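Coordinates from input26.cif are shown below (mmCIF, C-alpha atoms).
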```
data_start
loop_
_atom_site.label_atom_id
_atom_site.label_comp_id
_atom_site.auth_asym_id
_atom_site.auth_seq_id
_atom_site.Cartn_x
_atom_site.Cartn_y
_atom_site.Cartn_z
CA MET A 1320 -7.41 -7.84 12.80
CA THR A 1321 -5.28 -8.78 9.77
CA LEU A 1322 -2.35 -6.65 8.66
CA TYR A 1323 -4.26 -5.41 5.63
CA ASP A 1324 -7.25 -4.47 7.79
CA GLU A 1325 -4.91 -2.56 10.11
CA LEU A 1326 -3.38 -0.62 7.20
CA VAL A 1327 -6.88 0.36 6.10
CA ALA A 1328 -7.91 1.29 9.65
CA ARG A 1329 -4.83 3.50 9.97
CA GLY A 1330 -5.72 5.34 6.75
CA LEU A 1331 -2.68 4.14 4.83
CA ILE A 1332 -4.30 2.63 1.75
CA ALA A 1333 -5.65 4.89 -0.98
CA GLN A 1334 -5.95 2.61 -4.05
CA VAL A 1335 -5.15 -0.99 -4.86
CA THR A 1336 -5.29 -3.46 -7.70
CA ASP A 1337 -6.19 -7.11 -7.08
CA GLU A 1338 -7.23 -6.54 -3.47
CA ASP A 1339 -7.86 -10.21 -2.64
CA GLU A 1340 -4.41 -11.24 -3.88
CA ILE A 1341 -2.78 -8.35 -2.03
CA LYS A 1342 -4.47 -9.40 1.21
CA GLU A 1343 -3.28 -12.97 0.72
CA LEU A 1344 0.33 -11.89 0.17
CA ILE A 1345 0.85 -9.33 2.94
CA ASN A 1346 -1.28 -11.07 5.57
CA ASN A 1347 0.78 -14.22 5.14
CA GLY A 1348 4.20 -12.61 4.84
CA LYS A 1349 4.57 -13.51 1.17
CA ALA A 1350 5.01 -10.03 -0.27
CA VAL A 1351 8.32 -8.91 -1.74
CA PHE A 1352 7.62 -5.23 -2.24
CA TYR A 1353 9.52 -2.15 -3.31
CA ILE A 1354 9.25 1.55 -2.60
CA GLY A 1355 11.29 4.07 -4.56
CA PHE A 1356 13.42 6.87 -3.08
CA ASP A 1357 14.79 9.80 -5.05
CA PRO A 1358 18.49 10.35 -4.12
CA THR A 1359 18.51 14.13 -4.61
CA ALA A 1360 19.74 14.87 -1.05
CA ASP A 1361 22.00 13.23 1.51
CA SER A 1362 19.17 12.74 4.00
CA LEU A 1363 15.63 11.46 4.06
CA HIS A 1364 12.97 13.88 5.33
CA VAL A 1365 9.51 13.75 6.87
CA GLY A 1366 7.98 13.37 3.42
CA HIS A 1367 9.48 9.84 3.42
CA PHE A 1368 8.13 8.98 6.85
CA MET A 1369 4.95 7.31 5.63
CA ALA A 1370 6.89 4.95 3.37
CA LEU A 1371 9.46 4.09 6.03
CA CYS A 1372 6.81 3.28 8.62
CA LEU A 1373 4.94 1.14 6.11
CA MET A 1374 8.10 -0.80 5.28
CA LYS A 1375 8.63 -1.44 8.99
CA ARG A 1376 5.05 -2.65 9.52
CA LEU A 1377 5.23 -5.04 6.58
CA GLN A 1378 8.65 -6.43 7.51
CA MET A 1379 7.47 -7.03 11.08
CA ALA A 1380 4.76 -9.24 9.55
CA GLY A 1381 7.30 -11.30 7.59
CA ASN A 1382 7.23 -9.48 4.25
CA ARG A 1383 10.44 -8.45 2.47
CA PRO A 1384 11.10 -4.78 1.61
CA ILE A 1385 13.22 -3.54 -1.28
CA ALA A 1386 14.36 0.08 -1.03
CA LEU A 1387 14.84 1.17 -4.63
CA ILE A 1388 17.14 4.16 -5.08
CA GLY A 1389 16.41 6.07 -8.29
CA GLY A 1390 19.98 6.67 -9.39
CA GLY A 1391 19.02 5.96 -13.00
CA THR A 1392 15.61 7.62 -13.20
CA GLY A 1393 17.12 10.53 -11.26
CA MET A 1394 19.12 11.28 -14.40
CA ILE A 1395 15.89 11.64 -16.37
CA GLY A 1396 13.52 13.59 -14.16
CA ASP A 1397 10.03 12.77 -12.93
CA PRO A 1398 7.24 15.13 -14.07
CA SER A 1399 4.92 14.07 -11.22
CA GLY A 1400 3.86 17.14 -9.27
CA ARG A 1401 6.75 19.19 -10.65
CA THR A 1402 6.95 22.38 -12.68
CA ASP A 1403 10.56 22.07 -13.80
CA MET A 1404 13.23 19.46 -14.44
CA ARG A 1405 15.29 18.17 -11.54
CA GLN A 1406 19.03 18.65 -11.25
CA VAL A 1407 21.10 15.79 -12.68
CA LEU A 1408 23.48 14.41 -10.04
CA THR A 1409 26.87 12.74 -10.47
CA LYS A 1410 27.28 9.03 -9.78
CA GLU A 1411 29.50 9.85 -6.79
CA THR A 1412 26.88 12.13 -5.25
CA ILE A 1413 24.14 9.56 -5.79
CA GLN A 1414 26.23 6.83 -4.13
CA HIS A 1415 26.95 9.09 -1.17
CA ASN A 1416 23.25 9.84 -0.80
CA CYS A 1417 22.44 6.12 -1.03
CA ASP A 1418 24.86 5.38 1.81
CA CYS A 1419 23.24 8.08 3.94
CA PHE A 1420 19.76 6.75 3.17
CA LYS A 1421 20.67 3.20 4.18
CA LYS A 1422 22.07 4.34 7.52
CA GLN A 1423 18.81 6.16 8.28
CA MET A 1424 16.60 3.34 6.98
CA GLU A 1425 18.28 0.92 9.36
CA ARG A 1426 16.34 2.65 12.14
CA PHE A 1427 13.19 1.28 10.53
CA ILE A 1428 13.99 -1.93 8.66
CA GLU A 1429 16.57 -4.70 8.91
CA PHE A 1430 18.88 -5.35 5.97
CA GLY A 1431 20.69 -8.61 5.37
CA GLU A 1432 20.46 -12.07 3.84
CA GLY A 1433 16.79 -12.88 3.27
CA LYS A 1434 15.78 -9.53 4.76
CA ALA A 1435 15.51 -6.03 3.34
CA LEU A 1436 17.42 -5.08 0.18
CA MET A 1437 18.65 -1.76 -1.14
CA VAL A 1438 19.13 -1.57 -4.92
CA ASN A 1439 19.93 1.25 -7.34
CA ASN A 1440 18.13 1.30 -10.69
CA ALA A 1441 21.21 2.86 -12.29
CA ASP A 1442 22.64 -0.66 -12.19
CA TRP A 1443 20.24 -1.84 -14.90
CA LEU A 1444 18.92 1.32 -16.56
CA LEU A 1445 22.23 2.92 -17.54
CA GLY A 1446 23.35 -0.13 -19.49
CA LEU A 1447 20.18 -0.52 -21.57
CA ASN A 1448 20.43 -0.54 -25.34
CA TYR A 1449 18.04 2.21 -26.44
CA ILE A 1450 16.89 0.51 -29.64
CA GLU A 1451 16.33 -2.77 -27.83
CA LEU A 1452 14.38 -0.96 -25.12
CA LEU A 1453 12.14 0.70 -27.70
CA ARG A 1454 11.44 -2.65 -29.37
CA GLU A 1455 10.99 -4.77 -26.25
CA VAL A 1456 9.40 -2.34 -23.80
CA GLY A 1457 8.25 0.74 -25.70
CA ALA A 1458 5.90 -1.36 -27.80
CA CYS A 1459 3.93 -2.21 -24.63
CA PHE A 1460 2.93 1.42 -24.00
CA SER A 1461 0.18 3.44 -25.67
CA VAL A 1462 1.10 7.10 -26.17
CA ASN A 1463 -2.59 8.00 -25.94
CA ASN A 1464 -2.87 6.36 -22.53
CA MET A 1465 0.33 7.98 -21.32
CA LEU A 1466 -0.91 11.44 -22.27
CA ARG A 1467 -4.06 10.83 -20.24
CA ALA A 1468 -1.96 10.26 -17.10
CA GLU A 1469 -2.40 13.11 -14.63
CA CYS A 1470 1.36 13.51 -14.10
CA TYR A 1471 1.80 14.36 -17.81
CA LYS A 1472 -1.38 16.41 -18.21
CA GLN A 1473 -0.17 18.79 -15.50
CA ARG A 1474 3.02 19.52 -17.42
CA MET A 1475 1.68 19.69 -20.99
CA GLU A 1476 0.77 23.39 -20.83
CA LYS A 1477 4.14 24.49 -19.44
CA GLY A 1478 6.18 22.11 -21.50
CA LEU A 1479 7.11 18.44 -21.16
CA SER A 1480 10.46 17.28 -22.48
CA PHE A 1481 10.76 13.99 -24.35
CA LEU A 1482 13.31 13.00 -21.71
CA GLU A 1483 10.69 13.31 -18.96
CA PHE A 1484 8.09 11.63 -21.13
CA ASN A 1485 10.16 8.45 -20.86
CA TYR A 1486 9.94 8.41 -17.07
CA MET A 1487 6.89 6.14 -16.98
CA ILE A 1488 8.66 3.59 -19.15
CA MET A 1489 11.75 3.66 -16.94
CA GLN A 1490 9.76 3.28 -13.69
CA SER A 1491 7.72 0.49 -15.23
CA TYR A 1492 10.90 -1.25 -16.29
CA ASP A 1493 12.11 -1.06 -12.67
CA PHE A 1494 9.18 -3.20 -11.51
CA TYR A 1495 9.69 -5.59 -14.41
CA HIS A 1496 13.40 -5.97 -13.53
CA LEU A 1497 12.75 -6.40 -9.80
CA TYR A 1498 10.04 -8.98 -10.53
CA ARG A 1499 12.35 -11.05 -12.74
CA HIS A 1500 15.53 -10.81 -10.63
CA TYR A 1501 14.29 -10.49 -7.04
CA GLY A 1502 10.82 -12.03 -7.09
CA CYS A 1503 9.29 -8.61 -6.31
CA ASN A 1504 5.52 -9.04 -6.56
CA MET A 1505 4.26 -5.73 -5.17
CA GLN A 1506 4.99 -2.02 -5.42
CA PHE A 1507 4.00 0.88 -3.16
CA GLY A 1508 4.03 4.58 -3.92
CA GLY A 1509 2.32 7.90 -3.37
CA ASP A 1510 -0.97 8.67 -5.06
CA ASP A 1511 0.83 10.88 -7.60
CA GLN A 1512 2.67 7.77 -8.82
CA TRP A 1513 -0.46 5.74 -9.61
CA SER A 1514 -0.18 5.96 -13.43
CA ASN A 1515 3.51 5.01 -13.39
CA MET A 1516 2.80 2.09 -11.08
CA LEU A 1517 0.00 0.78 -13.23
CA GLY A 1518 2.42 0.95 -16.17
CA GLY A 1519 4.75 -1.43 -14.32
CA THR A 1520 1.96 -3.88 -13.53
CA GLU A 1521 0.78 -3.92 -17.15
CA LEU A 1522 4.31 -4.31 -18.50
CA ILE A 1523 4.87 -7.44 -16.41
CA ARG A 1524 1.60 -8.97 -17.52
CA LYS A 1525 2.18 -8.14 -21.19
CA LYS A 1526 5.73 -9.49 -21.18
CA LEU A 1527 5.24 -12.50 -18.90
CA GLY A 1528 1.57 -13.34 -19.24
CA LYS A 1529 -1.64 -12.47 -17.38
CA ASP A 1530 -0.89 -14.97 -14.62
CA ALA A 1531 2.22 -13.07 -13.55
CA TYR A 1532 1.84 -11.78 -10.00
CA ALA A 1533 2.20 -8.00 -10.01
CA MET A 1534 0.31 -5.86 -7.52
CA THR A 1535 0.16 -2.15 -6.83
CA ILE A 1536 -0.86 -0.19 -3.76
CA THR A 1537 -0.69 3.58 -3.34
CA LEU A 1538 -0.29 5.32 -0.03
CA LEU A 1539 -2.50 8.09 1.25
CA LEU A 1540 0.35 10.47 2.04
CA ASN A 1541 -0.14 12.97 4.84
CA SER A 1542 -0.31 16.36 3.12
CA GLU A 1543 1.60 18.16 5.88
CA GLY A 1544 4.54 15.76 5.79
CA LYS A 1545 4.53 15.77 2.00
CA LYS A 1546 4.57 19.57 1.89
CA MET A 1547 7.48 19.76 4.32
CA GLY A 1548 9.36 17.06 2.46
CA LYS A 1549 9.19 18.94 -0.84
CA THR A 1550 10.75 22.11 0.56
CA ALA A 1551 14.54 22.06 0.47
CA LYS A 1552 14.99 25.22 2.56
CA GLY A 1553 13.80 24.66 6.10
CA ALA A 1554 12.84 21.03 5.45
CA VAL A 1555 12.55 18.66 8.38
CA TRP A 1556 15.26 16.09 7.81
CA LEU A 1557 15.91 12.76 9.53
CA ASP A 1558 19.64 13.54 9.72
CA PRO A 1559 20.31 15.04 13.19
CA GLU A 1560 23.01 17.26 11.68
CA LYS A 1561 20.39 18.92 9.48
CA THR A 1562 17.42 18.88 11.86
CA SER A 1563 18.27 18.37 15.52
CA PRO A 1564 16.21 15.84 17.52
CA TYR A 1565 14.73 18.78 19.42
CA GLU A 1566 13.69 20.59 16.22
CA PHE A 1567 12.29 17.30 14.93
CA TYR A 1568 10.31 16.87 18.16
CA GLN A 1569 9.00 20.42 17.96
CA TYR A 1570 7.86 19.99 14.35
CA TRP A 1571 5.55 17.15 15.32
CA ARG A 1572 4.59 18.88 18.58
CA ASN A 1573 3.25 21.77 16.52
CA VAL A 1574 1.11 19.92 13.96
CA GLY A 1575 -2.42 21.27 13.60
CA ASP A 1576 -5.22 20.05 15.85
CA GLU A 1577 -6.97 18.59 12.81
CA ASP A 1578 -3.91 16.48 11.86
CA VAL A 1579 -2.58 15.19 15.17
CA LEU A 1580 -4.78 12.08 15.54
CA LYS A 1581 -4.41 11.30 11.85
CA CYS A 1582 -0.61 11.41 12.21
CA ILE A 1583 -0.69 9.26 15.33
CA ARG A 1584 -2.83 6.69 13.54
CA MET A 1585 -0.71 6.62 10.38
CA LEU A 1586 2.81 7.02 11.70
CA THR A 1587 3.11 5.62 15.22
CA PHE A 1588 3.00 1.98 16.33
CA LEU A 1589 0.62 2.63 19.21
CA PRO A 1590 -2.26 0.12 19.38
CA LEU A 1591 -5.37 1.16 17.48
CA GLU A 1592 -7.46 0.66 20.62
CA GLN A 1593 -5.40 3.30 22.42
CA ILE A 1594 -5.67 5.69 19.47
CA ASP A 1595 -9.45 5.16 19.28
CA GLU A 1596 -9.66 6.35 22.89
CA MET A 1597 -7.63 9.43 22.00
CA ASP A 1598 -10.09 10.24 19.20
CA ARG A 1599 -12.41 11.53 21.92
CA TRP A 1600 -9.87 14.06 23.20
CA GLU A 1601 -10.64 17.73 22.74
CA GLY A 1602 -9.22 21.14 23.65
CA SER A 1603 -6.16 21.02 25.88
CA GLU A 1604 -6.10 17.21 25.66
CA LEU A 1605 -4.96 17.60 22.04
CA ASN A 1606 -1.74 19.15 23.33
CA LYS A 1607 -1.10 15.92 25.20
CA ALA A 1608 -1.76 14.01 21.97
CA LYS A 1609 0.79 16.21 20.19
CA GLU A 1610 3.38 15.45 22.85
CA ILE A 1611 2.73 11.74 22.43
CA LEU A 1612 3.09 12.04 18.64
CA ALA A 1613 6.31 14.05 18.91
CA TYR A 1614 7.83 11.67 21.47
CA GLU A 1615 6.95 8.47 19.58
CA LEU A 1616 8.29 9.70 16.23
CA THR A 1617 11.46 11.21 17.71
CA LYS A 1618 12.08 7.90 19.48
CA LEU A 1619 11.59 6.03 16.22
CA VAL A 1620 14.08 8.19 14.29
CA HIS A 1621 16.63 9.24 16.92
CA GLY A 1622 16.23 6.73 19.75
CA GLU A 1623 14.59 6.87 23.16
CA ASP A 1624 17.37 8.86 24.87
CA GLU A 1625 17.16 11.69 22.34
CA ALA A 1626 13.36 11.65 22.51
CA LYS A 1627 13.49 12.07 26.29
CA LYS A 1628 16.01 14.90 26.01
CA ALA A 1629 13.87 16.69 23.42
CA GLN A 1630 10.76 16.30 25.54
CA GLU A 1631 12.51 17.56 28.68
CA THR A 1632 13.97 20.53 26.79
CA ALA A 1633 10.57 21.46 25.41
CA LYS A 1634 9.00 21.29 28.86
CA SER A 1635 11.79 23.39 30.38
CA ILE A 1636 11.33 26.09 27.74
CA PHE A 1637 7.58 26.14 27.40
CA GLY A 1638 6.59 24.68 30.74
CA ALA A 1639 8.56 27.11 32.90
CA GLN A 1640 6.22 30.06 33.20
CA THR A 1641 8.96 32.33 34.64
CA SER A 1642 11.11 32.17 31.51
CA VAL A 1643 8.16 32.86 29.23
CA ASP A 1644 6.89 35.65 31.47
CA SER A 1645 10.24 37.41 31.15
CA MET A 1646 9.81 37.77 27.39
CA PRO A 1647 8.39 40.94 25.81
CA THR A 1648 4.78 40.41 24.73
CA PHE A 1649 3.21 41.36 21.43
CA GLU A 1650 -0.56 41.24 20.97
CA LEU A 1651 -2.33 40.12 17.83
CA SER A 1652 -6.02 40.57 17.16
CA LYS A 1653 -8.19 37.81 15.76
CA ASP A 1654 -8.86 40.24 12.92
CA ASP A 1655 -5.19 39.84 11.93
CA PHE A 1656 -5.93 36.24 10.97
CA LYS A 1657 -7.39 35.39 7.57
CA ASP A 1658 -9.14 32.04 7.40
CA GLY A 1659 -7.58 31.23 10.77
CA VAL A 1660 -3.94 31.83 9.80
CA ILE A 1661 -1.41 34.65 9.62
CA ALA A 1662 1.93 34.67 7.78
CA VAL A 1663 5.02 34.49 9.99
CA ASN A 1664 6.68 37.34 8.08
CA GLU A 1665 3.59 39.47 8.73
CA ILE A 1666 3.99 38.89 12.49
CA LEU A 1667 7.66 39.88 12.19
CA VAL A 1668 6.66 43.20 10.65
CA LYS A 1669 3.81 43.89 13.08
CA ALA A 1670 6.08 43.12 16.06
CA GLY A 1671 8.85 45.34 14.70
CA ILE A 1672 11.31 42.47 14.24
CA ALA A 1673 11.49 43.07 10.48
CA LYS A 1674 11.08 46.35 8.59
CA SER A 1675 9.16 44.79 5.70
CA LYS A 1676 7.59 41.52 4.62
CA GLY A 1677 10.45 41.08 2.15
CA GLU A 1678 12.99 41.36 4.95
CA GLY A 1679 10.90 38.93 7.00
CA ARG A 1680 10.94 36.39 4.19
CA ARG A 1681 14.71 36.71 3.86
CA LEU A 1682 15.19 36.17 7.59
CA ILE A 1683 13.08 33.01 7.38
CA GLU A 1684 14.92 31.74 4.27
CA GLN A 1685 18.27 32.27 5.99
CA GLY A 1686 17.15 30.22 9.00
CA GLY A 1687 17.22 33.17 11.38
CA VAL A 1688 13.65 32.79 12.64
CA THR A 1689 11.95 30.10 14.72
CA VAL A 1690 8.33 29.69 15.76
CA ASP A 1691 8.08 27.78 19.06
CA ASP A 1692 11.69 26.81 18.40
CA VAL A 1693 11.00 25.32 14.96
CA LYS A 1694 12.31 26.91 11.79
CA PRO A 1695 9.44 27.63 9.34
CA ALA A 1696 9.49 25.29 6.36
CA SER A 1697 8.83 28.08 3.87
CA PRO A 1698 9.30 31.87 3.65
CA ILE A 1699 5.51 32.13 3.35
CA ALA A 1700 4.83 29.81 6.33
CA THR A 1701 1.84 30.65 8.53
CA VAL A 1702 0.79 30.41 12.15
CA ALA A 1703 -2.74 29.21 12.92
CA LEU A 1704 -5.12 30.23 15.69
CA SER A 1705 -4.90 26.65 16.96
CA ASP A 1706 -1.15 27.14 17.57
CA PHE A 1707 -2.08 29.46 20.45
CA ASP A 1708 -3.66 26.66 22.51
CA LYS A 1709 -1.14 27.18 25.28
CA GLY A 1710 -1.92 30.92 25.27
CA TYR A 1711 1.05 32.17 23.25
CA VAL A 1712 3.51 31.48 20.45
CA VAL A 1713 7.18 32.36 20.88
CA ILE A 1714 8.81 34.02 17.86
CA LYS A 1715 12.61 34.09 17.97
CA LYS A 1716 15.04 36.04 15.77
CA GLY A 1717 18.63 34.93 16.07
CA LYS A 1718 19.81 33.98 19.57
CA LYS A 1719 18.74 37.03 21.58
CA ILE A 1720 15.39 38.39 20.33
CA PHE A 1721 12.32 36.65 21.79
CA ILE A 1722 8.72 37.80 21.41
CA LYS A 1723 5.84 36.11 23.24
CA THR A 1724 2.96 36.58 20.82
CA VAL A 1725 -0.54 36.43 22.26
CA ILE A 1726 -4.06 37.06 21.00
CA LYS A 1727 -5.92 39.86 22.77
#
```
Show me, as structure tokens, the structure contained in the file I just sent.
Amino acid sequence: MTLYDELVARGLIAQVTDEDEIKELINNGKAVFYIGFDPTADSLHVGHFMALCLMKRLQMAGNRPIALIGGGTGMIGDPSGRTDMRQVLTKETIQHNCDCFKKQMERFIEFGEGKALMVNNADWLLGLNYIELLREVGACFSVNNMLRAECYKQRMEKGLSFLEFNYMIMQSYDFYHLYRHYGCNMQFGGDDQWSNMLGGTELIRKKLGKDAYAMTITLLLNSEGKKMGKTAKGAVWLDPEKTSPYEFYQYWRNVGDEDVLKCIRMLTFLPLEQIDEMDRWEGSELNKAKEILAYELTKLVHGEDEAKKAQETAKSIFGAQTSVDSMPTFELSKDDFKDGVIAVNEILVKAGIAKSKGEGRRLIEQGGVTVDDVKPASPIATVALSDFDKGYVVIKKGKKIFIKTVIK
């Protein structure tokens, strides 16, 4: 199986341009590709996991990754999937975040001479002459085509600033710059970036001729990881100071039954043959699959020792029946679930842990609540029927209040 075929089999490829050329490049280790990272925090999170794993797979096959930090575009704001403008960061904050990113990325890819690069688009965007940019680059873009892009259409009704409208031009210029100065011939991004990526491909071909090599691939991002990555409060970070290895393990241990095999296929480096066998697993066997997923990803981010510790801690807490039996029990009815889920703050109220749903939401926002030892990612987070596979879910408030929640 070629590398490209494996990426397809793992569900990682959503859309491509020039498929034959892309196969030729990545299968033969000839791709110099970039993926962009927004430096709005001092840690990467699970929403970046897909991209990091892809970079690792491609580098292992001889291709060269470029991690592009959006220090320049971060000062403009990206309308993709957003309802408001992002906060503008100082240069010092952006540099600090870049340093943190590189340290975490080194778990996945190898930097150095002839290996992976990290670049910041502030280095070339902030020094651009605006009039020259309009003449040399702006002329290559059709306003009509830009307005048809989904990322802009979503914002038109609520208001789209002219500043944000320039984002596509800036991102396209990134690819053009990387192509000219680093030989970058391929770009990867999430499916919400497709229009911006196509803009970069077209800019290269218009400026340098149709024979210029410029390819685009979008990733089929896992919706669960993407959702968690977008939530600042309660997000699952790769920094162990923000999300402990145990909390990280428990996040993946508690993915839904319907997502576990998909996550194993997309994010782990287990052989496809082994994963195909696991596709037949059902019922309680899916809990084993979740343990495998949690262990493999924790090992990848935090190392094997921390993965073993997290696994042993989880087993000591949830595998020791005596400790769970000593907890007070609260019974839910299946009628309490709507479409198979119930809000965590609703459980808090029903169990008497919170006086109201508003108080429950505040407890969750303040990080005072865990579900099976994982902090909910959102104040409106839910628990699914499938989360009760082991017979219960442990809700914890603070350090002393434990409730073993069961379904009668």
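Minimum atom-to-atom distance to Asp1598 of chain A, evaluated using all atoms listed in the file, belongs to A:Glu1577 out of A:Glu1610, A:Asp1655, A:Glu1684, A:Glu1577.
Going from atom CA of Lys1709 of chain A over to atom CA of Arg1329 of chain A, you cover 28.4 Å.
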Do you know which residues are at most 8 Å from segment 1625-1635 of chain A counting all atoms listed in the file, after dropping those on the same chain fewer than 2 positions away, and could you put them as a list in words?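 Once the adjacent positions are removed, what remains is Pro1564, Tyr1565, Tyr1568, Gln1569, Glu1610, Tyr1614, Glu1615, Thr1617, Lys1618, His1621, Gly1622, Glu1623, Phe1637, Gly1638 and Ala1639 of chain A.
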Extract, using all atoms listed in the file, all DNA, RNA and protein residues at most 10 Å from Trp1571 of chain A, discarding same-chain residues fewer than 5 positions from it, and format them as a PyMOL selection string. chain A and resi 1365+1544+1555+1566+1579+1582+1609-1617+1693
Pick out the closest residue to Ser1603 of chain A from this set: A:Asp1692, A:Asp1658, A:Asp1706, A:Asp1510. Count all atoms listed in the file. A:Asp1706
Grab the atom CA of Glu1665 of chain A to atom CA of Glu1604 of chain A distance for me, in Å with one decimal place. 29.6 Å
Using all atoms listed in the file, find all polymer residues with an atom at most 7 Å away from the point (3.0, -6.9, -3.1); report them as a PyMOL selection string. chain A and resi 1341+1344-1345+1350-1352+1504-1506+1534-1535
Hey, which of A:Ile1726, A:Leu1408, A:Leu1591, A:Leu1667 ends up closest to Ser1652 of chain A? Count all atoms listed in the file.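 Closest to Ser1652 of chain A, using all atoms listed in the file: A:Ile1726.
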Set up a box along x, y and z of the file covering all listed atoms of segment 1331-1345 of chain A, add 4 Å on every one of the six sides, and write the centre and edge lengths in Å to one decimal, as JSON.
```
{"center_x": -3.5, "center_y": -4.0, "center_z": -1.4, "size_x": 16.7, "size_y": 25.9, "size_z": 20.5}
```
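Nearest residue to Lys1472 of chain A, choosing from A:Phe1707, A:Phe1484, A:His1364, A:Asn1382 and counting all atoms listed in the file: A:Phe1484.
Nearest to Leu1586 of chain A of all the residues A:Ala1703, A:Ala1531, A:Leu1326, A:Ile1661 is A:Leu1326, based on all atoms listed in the file.
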Here atom CA of Lys1716 of chain A and atom CA of Ile1672 of chain A stand apart by 7.6 Å
Which of A:Phe1588, A:Tyr1449, A:Tyr1353, A:Phe1460 sits closest to Tyr1498 of chain A [using only C-alpha atoms]: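 Of the candidates, the smallest distance to Tyr1498 of chain A is held by A:Tyr1353.
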